[in-house]
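structure-v3.txt (compact mmCIF, C-alpha atoms)
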```
# COMPACT_ATOMS: atom_id res chain seq x y z
CA MET A 1 139.28 104.53 119.83
CA SER A 2 141.93 103.88 117.19
CA ARG A 3 141.05 102.30 113.86
CA ARG A 4 143.15 99.27 114.74
CA THR A 5 141.35 98.71 118.05
CA ALA A 6 137.94 99.15 116.41
CA ALA A 7 138.87 96.62 113.71
CA THR A 8 140.07 94.17 116.37
CA LEU A 9 136.81 94.48 118.30
CA LEU A 10 134.82 93.99 115.10
CA GLY A 11 136.87 90.87 114.35
CA LEU A 12 136.04 89.54 117.80
CA LEU A 13 132.36 89.63 116.83
CA ALA A 14 133.16 86.71 114.52
CA VAL A 15 134.33 84.69 117.53
CA LEU A 16 130.97 85.25 119.24
CA LEU A 17 129.13 84.23 116.09
CA TRP A 18 131.27 81.10 115.65
CA ALA A 19 130.33 80.06 119.18
CA THR A 20 126.83 79.36 117.83
CA LEU A 21 128.14 77.10 115.06
CA ALA A 22 128.03 73.84 117.03
CA PRO A 23 124.50 74.28 118.48
CA MET A 24 123.14 75.34 115.09
CA THR A 25 124.87 72.43 113.37
CA VAL A 26 123.36 69.99 115.88
CA LEU A 27 119.92 71.35 115.01
CA THR A 28 120.57 70.65 111.32
CA SER A 29 121.18 66.96 112.05
CA GLY A 30 120.23 64.86 109.03
CA VAL A 31 121.30 67.42 106.42
CA PRO A 32 124.31 66.18 104.37
CA PRO A 33 127.49 68.25 105.06
CA LEU A 34 128.00 69.56 101.51
CA GLN A 35 124.32 70.48 101.21
CA LEU A 36 124.66 72.35 104.49
CA VAL A 37 127.75 74.22 103.25
CA ALA A 38 126.10 75.09 99.93
CA THR A 39 122.88 76.43 101.45
CA SER A 40 124.43 78.30 104.37
CA PHE A 41 127.14 79.93 102.22
CA SER A 42 124.48 80.96 99.69
CA ILE A 43 122.74 82.88 102.46
CA GLY A 44 126.10 84.33 103.50
CA ALA A 45 126.64 85.57 99.94
CA LEU A 46 123.20 87.21 99.98
CA ILE A 47 124.27 89.31 102.98
CA GLY A 48 127.10 90.83 100.98
CA LEU A 49 124.91 91.21 97.90
CA ALA A 50 122.32 93.17 99.89
CA TYR A 51 125.10 95.45 101.19
CA LEU A 52 126.46 96.04 97.68
CA ILE A 53 122.99 96.88 96.35
CA ALA A 54 122.43 99.38 99.17
CA ARG A 55 125.88 100.96 98.84
CA PRO A 56 126.85 102.05 95.28
CA ASP A 57 130.19 103.33 96.62
CA ALA A 58 130.94 99.84 97.96
CA ARG A 59 130.44 98.42 94.46
CA ALA A 60 133.07 100.84 93.18
CA GLU A 61 135.52 99.56 95.80
CA LEU A 62 135.31 96.07 94.30
CA ARG A 63 137.61 97.27 91.52
CA GLN A 64 140.42 96.69 94.01
CA VAL A 65 139.71 92.94 94.08
CA THR A 66 142.54 90.99 92.42
CA TRP A 67 142.89 87.44 91.18
CA ALA A 68 145.34 86.78 94.00
CA SER A 69 142.96 88.00 96.70
CA THR A 70 140.10 86.00 95.17
CA LEU A 71 142.22 82.84 95.06
CA LEU A 72 143.16 83.36 98.70
CA GLY A 73 139.58 84.03 99.78
CA VAL A 74 138.00 81.09 97.97
CA GLY A 75 140.88 78.80 98.91
CA GLY A 76 140.56 79.81 102.55
CA LEU A 77 136.80 79.34 102.89
CA LEU A 78 136.39 76.31 100.65
CA GLY A 79 139.69 74.65 101.61
CA PHE A 80 139.13 75.00 105.33
CA HIS A 81 135.60 73.57 105.28
CA PHE A 82 136.57 70.75 102.92
CA PHE A 83 139.50 69.66 105.09
CA TYR A 84 137.51 70.12 108.30
CA PHE A 85 134.52 68.02 107.27
CA LEU A 86 136.81 65.38 105.73
CA SER A 87 138.82 65.12 108.96
CA LEU A 88 135.62 64.41 110.91
CA THR A 89 134.92 61.43 108.67
CA LEU A 90 138.44 59.99 108.88
CA ALA A 91 139.25 60.51 112.56
CA PRO A 92 137.27 60.60 115.83
CA PRO A 93 135.49 64.00 115.84
CA LEU A 94 136.77 65.01 119.28
CA GLU A 95 140.44 64.57 118.47
CA ALA A 96 140.03 65.98 114.94
CA ASN A 97 138.37 69.09 116.38
CA LEU A 98 141.23 69.55 118.84
CA VAL A 99 143.82 69.39 116.06
CA ASN A 100 141.74 71.83 114.01
CA TYR A 101 141.74 74.27 116.92
CA LEU A 102 145.45 74.79 116.51
CA TRP A 103 144.56 77.56 114.05
CA PRO A 104 144.28 80.40 116.60
CA LEU A 105 147.74 79.54 117.96
CA LEU A 106 149.09 79.35 114.40
CA ILE A 107 147.67 82.83 113.70
CA VAL A 108 149.59 84.21 116.68
CA LEU A 109 152.80 82.57 115.44
CA PHE A 110 152.37 83.38 111.73
CA SER A 111 151.59 87.04 112.44
CA ALA A 112 155.25 87.59 113.34
CA LEU A 113 156.28 86.53 109.82
CA LEU A 114 154.37 89.33 108.10
CA PRO A 115 156.42 92.10 106.48
CA ASN A 116 156.06 95.37 108.37
CA ALA A 117 154.44 93.52 111.29
CA ASP A 118 152.72 95.76 113.83
CA GLY A 119 154.95 94.41 116.57
CA ARG A 120 157.31 91.59 117.45
CA LEU A 121 155.95 88.34 118.81
CA ARG A 122 156.72 88.46 122.53
CA ALA A 123 156.60 85.90 125.30
CA HIS A 124 153.21 87.05 126.62
CA HIS A 125 151.63 86.56 123.18
CA LEU A 126 152.85 82.97 122.97
CA ILE A 127 152.11 82.13 126.62
CA GLY A 128 148.64 83.64 126.30
CA ALA A 129 147.88 81.62 123.17
CA LEU A 130 149.12 78.40 124.78
CA ALA A 131 147.07 79.02 127.93
CA ALA A 132 144.00 79.66 125.80
CA PHE A 133 144.62 76.45 123.85
CA ALA A 134 144.82 74.51 127.13
CA GLY A 135 141.48 76.04 128.11
CA ALA A 136 139.97 75.14 124.76
CA LEU A 137 141.15 71.56 125.22
CA LEU A 138 139.40 71.44 128.61
CA ALA A 139 136.23 72.98 127.16
CA ILE A 140 136.04 70.49 124.31
CA THR A 141 136.98 67.39 126.29
CA THR A 142 135.34 68.55 129.58
CA GLY A 143 138.33 67.00 131.32
CA ALA A 144 137.86 63.47 129.98
CA ALA A 145 140.92 61.50 128.99
CA LEU A 146 141.47 61.20 125.26
CA PRO A 147 141.40 57.74 123.71
CA THR A 148 144.63 56.00 122.80
CA LEU A 149 145.99 57.17 119.46
CA ASN A 150 144.57 55.07 116.64
CA SER A 151 147.07 54.69 113.81
CA GLY A 152 144.20 54.19 111.38
CA ALA A 153 143.01 57.74 112.10
CA LEU A 154 146.39 59.40 111.50
CA ALA A 155 145.28 60.47 108.02
CA GLY A 156 142.30 62.22 109.60
CA TYR A 157 144.55 64.06 112.06
CA GLY A 158 146.76 65.12 109.17
CA VAL A 159 143.75 66.48 107.29
CA ALA A 160 142.62 68.32 110.45
CA LEU A 161 146.08 69.90 110.64
CA LEU A 162 145.67 70.98 107.00
CA SER A 163 142.37 72.66 107.93
CA ALA A 164 144.10 74.54 110.76
CA LEU A 165 146.98 75.59 108.50
CA THR A 166 144.54 76.67 105.78
CA TRP A 167 142.47 78.94 108.03
CA ALA A 168 145.51 80.40 109.82
CA GLY A 169 147.22 81.04 106.48
CA TYR A 170 144.10 82.65 105.02
CA SER A 171 143.62 84.88 108.08
CA VAL A 172 147.23 86.08 108.22
CA LEU A 173 147.78 86.45 104.45
CA SER A 174 144.60 88.55 104.25
CA ARG A 175 146.73 91.28 105.81
CA LEU A 176 148.65 91.52 102.52
CA PHE A 177 145.38 92.49 100.78
CA ALA A 178 144.28 95.19 103.23
CA ALA A 179 143.25 97.42 100.31
CA VAL A 180 140.70 94.84 99.13
CA PRO A 181 137.31 95.65 100.74
CA SER A 182 135.68 93.07 103.01
CA SER A 183 132.65 93.16 100.71
CA ALA A 184 134.76 90.93 98.44
CA VAL A 185 133.84 88.12 100.84
CA THR A 186 130.53 88.11 98.94
CA LEU A 187 132.37 86.63 95.96
CA TYR A 188 134.25 84.14 98.14
CA CYS A 189 131.00 82.89 99.71
CA ALA A 190 129.25 82.62 96.34
CA VAL A 191 132.05 80.56 94.76
CA THR A 192 132.28 78.36 97.87
CA ALA A 193 128.52 77.74 97.76
CA ALA A 194 128.64 76.87 94.06
CA ALA A 195 131.54 74.45 94.49
CA ALA A 196 129.88 72.78 97.47
CA ALA A 197 126.60 72.47 95.54
CA LEU A 198 128.33 70.73 92.62
CA ALA A 199 130.09 68.35 95.00
CA HIS A 200 126.84 67.71 96.85
CA PHE A 201 124.92 66.71 93.75
CA ALA A 202 127.82 64.51 92.69
CA PHE A 203 128.44 62.67 95.95
CA GLU A 204 125.49 63.13 98.34
CA PRO A 205 121.75 62.49 98.42
CA THR A 206 119.65 65.62 98.84
CA THR A 207 117.59 65.96 102.01
CA TRP A 208 114.28 67.58 101.09
CA PRO A 209 111.93 68.81 102.37
CA LEU A 210 113.61 70.20 105.44
CA SER A 211 111.92 70.19 108.82
CA PRO A 212 111.06 73.62 110.30
CA VAL A 213 113.90 73.25 112.84
CA GLN A 214 116.42 72.37 110.13
CA ALA A 215 115.30 75.25 107.91
CA VAL A 216 115.51 77.85 110.70
CA ALA A 217 118.90 76.52 111.82
CA ILE A 218 120.32 76.73 108.27
CA ILE A 219 119.06 80.30 107.87
CA ALA A 220 120.62 81.20 111.23
CA LEU A 221 123.90 79.60 110.16
CA GLY A 222 123.96 81.58 106.94
CA LEU A 223 123.17 84.85 108.68
CA GLY A 224 125.64 84.38 111.54
CA PRO A 225 128.57 81.95 111.85
CA VAL A 226 128.68 81.09 108.14
CA GLY A 227 127.77 84.57 106.93
CA LEU A 228 128.33 87.82 108.79
CA ALA A 229 131.19 86.26 110.77
CA PHE A 230 133.39 85.98 107.66
CA TYR A 231 132.90 89.64 106.75
CA VAL A 232 133.83 91.00 110.18
CA TRP A 233 136.69 88.48 110.54
CA ASP A 234 138.10 89.61 107.18
CA HIS A 235 138.00 93.24 108.31
CA GLY A 236 139.60 92.39 111.65
CA CYS A 237 142.41 90.36 110.08
CA LYS A 238 143.20 93.13 107.59
CA HIS A 239 143.14 96.09 109.97
CA GLY A 240 143.17 94.76 113.56
CA ASP A 241 145.66 93.03 115.88
CA LEU A 242 146.18 89.48 114.61
CA ARG A 243 147.81 88.31 117.85
CA VAL A 244 144.81 89.41 119.91
CA LEU A 245 142.35 87.92 117.42
CA GLY A 246 144.23 84.62 117.37
CA ALA A 247 144.35 84.18 121.14
CA SER A 248 140.80 85.41 121.68
CA ALA A 249 139.46 82.97 119.09
CA TYR A 250 139.67 80.27 121.77
CA PHE A 251 136.56 81.77 123.33
CA ALA A 252 134.61 80.15 120.47
CA PRO A 253 134.89 76.51 121.66
CA LEU A 254 134.26 77.55 125.27
CA LEU A 255 131.15 79.58 124.45
CA SER A 256 130.04 76.88 122.03
CA THR A 257 130.22 74.27 124.79
CA VAL A 258 128.34 76.57 127.20
CA LEU A 259 125.58 77.09 124.62
CA LEU A 260 125.31 73.35 124.01
CA VAL A 261 124.86 72.83 127.75
CA ALA A 262 122.44 75.75 128.10
CA PHE A 263 120.17 74.38 125.37
CA GLY A 264 120.31 70.85 126.74
CA LEU A 265 122.30 69.54 123.77
CA ALA A 266 125.22 68.42 125.96
CA GLU A 267 125.99 67.86 129.64
CA GLY A 268 127.88 70.43 131.68
CA SER A 269 130.98 69.95 133.83
CA PRO A 270 132.74 71.94 136.58
CA VAL A 271 135.83 71.71 134.40
CA LEU A 272 134.26 74.41 132.23
CA TRP A 273 135.11 76.95 134.94
CA LEU A 274 138.78 76.01 134.67
CA ALA A 275 138.52 76.28 130.91
CA ALA A 276 136.92 79.72 131.23
CA ALA A 277 139.71 80.92 133.52
CA ALA A 278 142.45 79.61 131.20
CA ILE A 279 140.91 81.07 128.05
CA THR A 280 140.07 84.42 129.63
CA GLY A 281 143.50 84.73 131.24
CA GLY A 282 145.29 83.70 128.06
CA ALA A 283 143.30 86.09 125.88
CA LEU A 284 143.87 88.99 128.28
CA LEU A 285 147.58 88.23 128.46
CA ALA A 286 147.89 88.14 124.68
CA SER A 287 145.87 91.39 124.48
CA LYS A 288 148.04 93.19 127.00
CA ASP A 289 149.55 95.54 124.43
CA MET A 290 146.17 96.67 123.12
CA LEU A 291 144.64 97.02 126.59
CA TYR A 292 147.66 98.95 127.88
CA SER A 293 147.68 101.38 124.96
CA ARG A 294 143.93 101.89 125.38
CA ARG A 295 144.41 102.67 129.10
CA GLN A 296 147.13 105.19 128.23
CA MET A 297 144.82 106.89 125.73
CA LEU A 298 142.05 107.17 128.32
CA ALA A 299 144.48 108.58 130.88
CA SER A 300 145.75 111.19 128.43
CA ASP A 301 142.18 112.30 127.70
CA VAL A 302 141.47 113.01 131.37
```
Let me see the structure of the file written as structure tokens.
Amino acid sequence: MSRRTAATLLGLLAVLLWATLAPMTVLTSGVPPLQLVATSFSIGALIGLAYLIARPDARAELRQVTWASTLLGVGGLLGFHFFYFLSLTLAPPLEANLVNYLWPLLIVLFSALLPNADGRLRAHHLIGALAAFAGALLAITTGAALPTLNSGALAGYGVALLSALTWAGYSVLSRLFAAVPSSAVTLYCAVTAAAAALAHFAFEPTTWPLSPVQAVAIIALGLGPVGLAFYVWDHGCKHGDLRVLGASAYFAPLLSTVLLVAFGLAEGSPVLWLAAAAITGGALLASKDMLYSRRQMLASDV
């Protein structure tokens, strides 16, 4: 397995972890958003800190961290979550979430703008990303018609678009800092947690004590979708196939919806099967180059 393929597969682990974000967030109901960001990102920072303590050589690699990479990392994590949560307060959550989920498609498109790109953006990359987006739309809406556009919520849609642009830009521009180790995400998480904590104490009431369910859910968030996921995604974006990662990211809303249904937190719909077909087909189409090269390698080994 090539290093690029391995990095892509590791990046896809983030997609699986992000699929648990919605169910875990539902279980934290009652915890203010900024408090949730501060606590979960603190746990995420502890993951990286534990790794750095266990690996002295990894601490030496942190010398490659630059002010530019730190600004990008903190801006990506903090900016995305700020814009995302703000959009949910200004616009209907369903529509805001759909606009936010333009980021995987934007990653596919932006990847072609990178200097020394691994390959040109071809028709099957774009078609695959669009098919996956259509599947994500079905998964999120479960086939229901969207409400008529409310002009009063246009600001919220604009903010949701900013969140999509922020995460897509962060993911693609990370490629320019491939020499910076993914353990640097420890710093990004710590600064994001500190900024969210300051904003929380300034603008929100603190929910304390937490219920056992809330506490376990927050710990799970920090260990998974708001912790480990950022480390493996950073590695995948820096060393893997951005076009494959972008298109495959649409599995997150589908799996998230399936988990919500499985745990009785939402109702299921036959439309989910159509969504699954669209997302799977789109991701496979966008991944054709990687899958084809992998098949050639296996054939040559026989």
Subject >> Separation of atom CA of Ser163 of chain A from atom CA of Ser182 of chain A in Å >> reply: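 Spanning atom CA of Ser182 of chain A to atom CA of Ser163 of chain A is a straight-line distance of 22.0 Å.
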**OP:** Go through A:Ala194, A:Phe133, A:Ser87, A:Trp208 and flag the residue nearest Tyr157 of chain A, using all atoms listed in the file for the distances.
**Re:** A:Ser87
Original post:
Skipping near chain neighbours, those fewer than 6 positions away, what residues fall within 12 Å of Val216 of chain A using all atoms listed in the file, listed as number ranges by chain?
Top reply: A: 24-25, 27-28, 39-40, 210, 222-223
Subject >> Which residue of A:Leu46, A:Ala38, A:Leu16, A:Ala160 approaches Leu187 of chain A most closely, using all atoms listed in the file >> reply: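 Residue with the minimum atom-to-atom distance to Leu187 of chain A: A:Leu46.
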Original post:
Near segment 58-65 of chain A, counting all atoms listed in the file, which residues have an atom at most 7 Å away, once you skip same-chain residues fewer than 6 positions from it, shown as a VMD selection string?
Top reply: chain A and resid 52 179 to 181 184
**OP:** Considering only C-alpha atoms, state which residue in the set A:Ile43, A:Leu21, A:Ala132, A:Ala197 is at the smallest distance from Gly281 of chain A.
**Re:**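 Ranking A:Ile43, A:Leu21, A:Ala132, A:Ala197 by distance to Gly281 of chain A, first place goes to A:Ala132.
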Original post:
From the list A:Leu49, A:Leu12, A:Ala193, A:Ala129, which residue is nearest His81 of chain A when using only C-alpha atoms?
Top reply: A:Ala193
So that all listed atoms of segment 70-74 of chain A fit with 8 Å spare on each side, what axis-aligned box centre and edge lengths in Å, to one decimal, would you give as lines of an AutoDock Vina configuration file?
```
center_x = 140.6
center_y = 83.5
center_z = 97.4
size_x = 21.2
size_y = 20.9
size_z = 20.7
```
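As for atom CA of Ala286 of chain A and atom CA of Ser171 of chain A, they are spaced 17.4 Å apart.
Nearest to Val185 of chain A of all the residues A:Tyr250, A:Tyr51, A:Phe203, A:Trp273 is A:Tyr51, counting all atoms listed in the file.
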Produce a table with one row for each residue of segment 1-28 of chain A that has an atom at most 8 Å from any atom of segment 251-267 of chain A, each row naming the nearest atom pair and its distance in Å at one decimal; use all atoms listed in the file; arrange rows by chain and rising residue number; format as CSV.
```
residue,atom,partner,partner_atom,distance
A:Val15,CA,A:Ala252,CA,5.4
A:Leu16,CA,A:Ala252,CA,6.4
A:Trp18,CA,A:Ala252,CA,5.9
A:Ala19,CA,A:Ser256,CA,4.3
A:Thr20,CA,A:Ser256,CA,5.8
A:Leu21,CA,A:Ser256,CA,7.2
A:Ala22,CA,A:Ser256,CA,6.2
A:Pro23,CA,A:Leu260,CA,5.7
A:Val26,CA,A:Leu265,CA,8.0
```
Original post:
Between A:Ser42, A:Thr280, A:Thr8, A:Thr70, which has the minimum distance to Cys189 of chain A (counting all atoms listed in the file)?
Top reply: A:Ser42
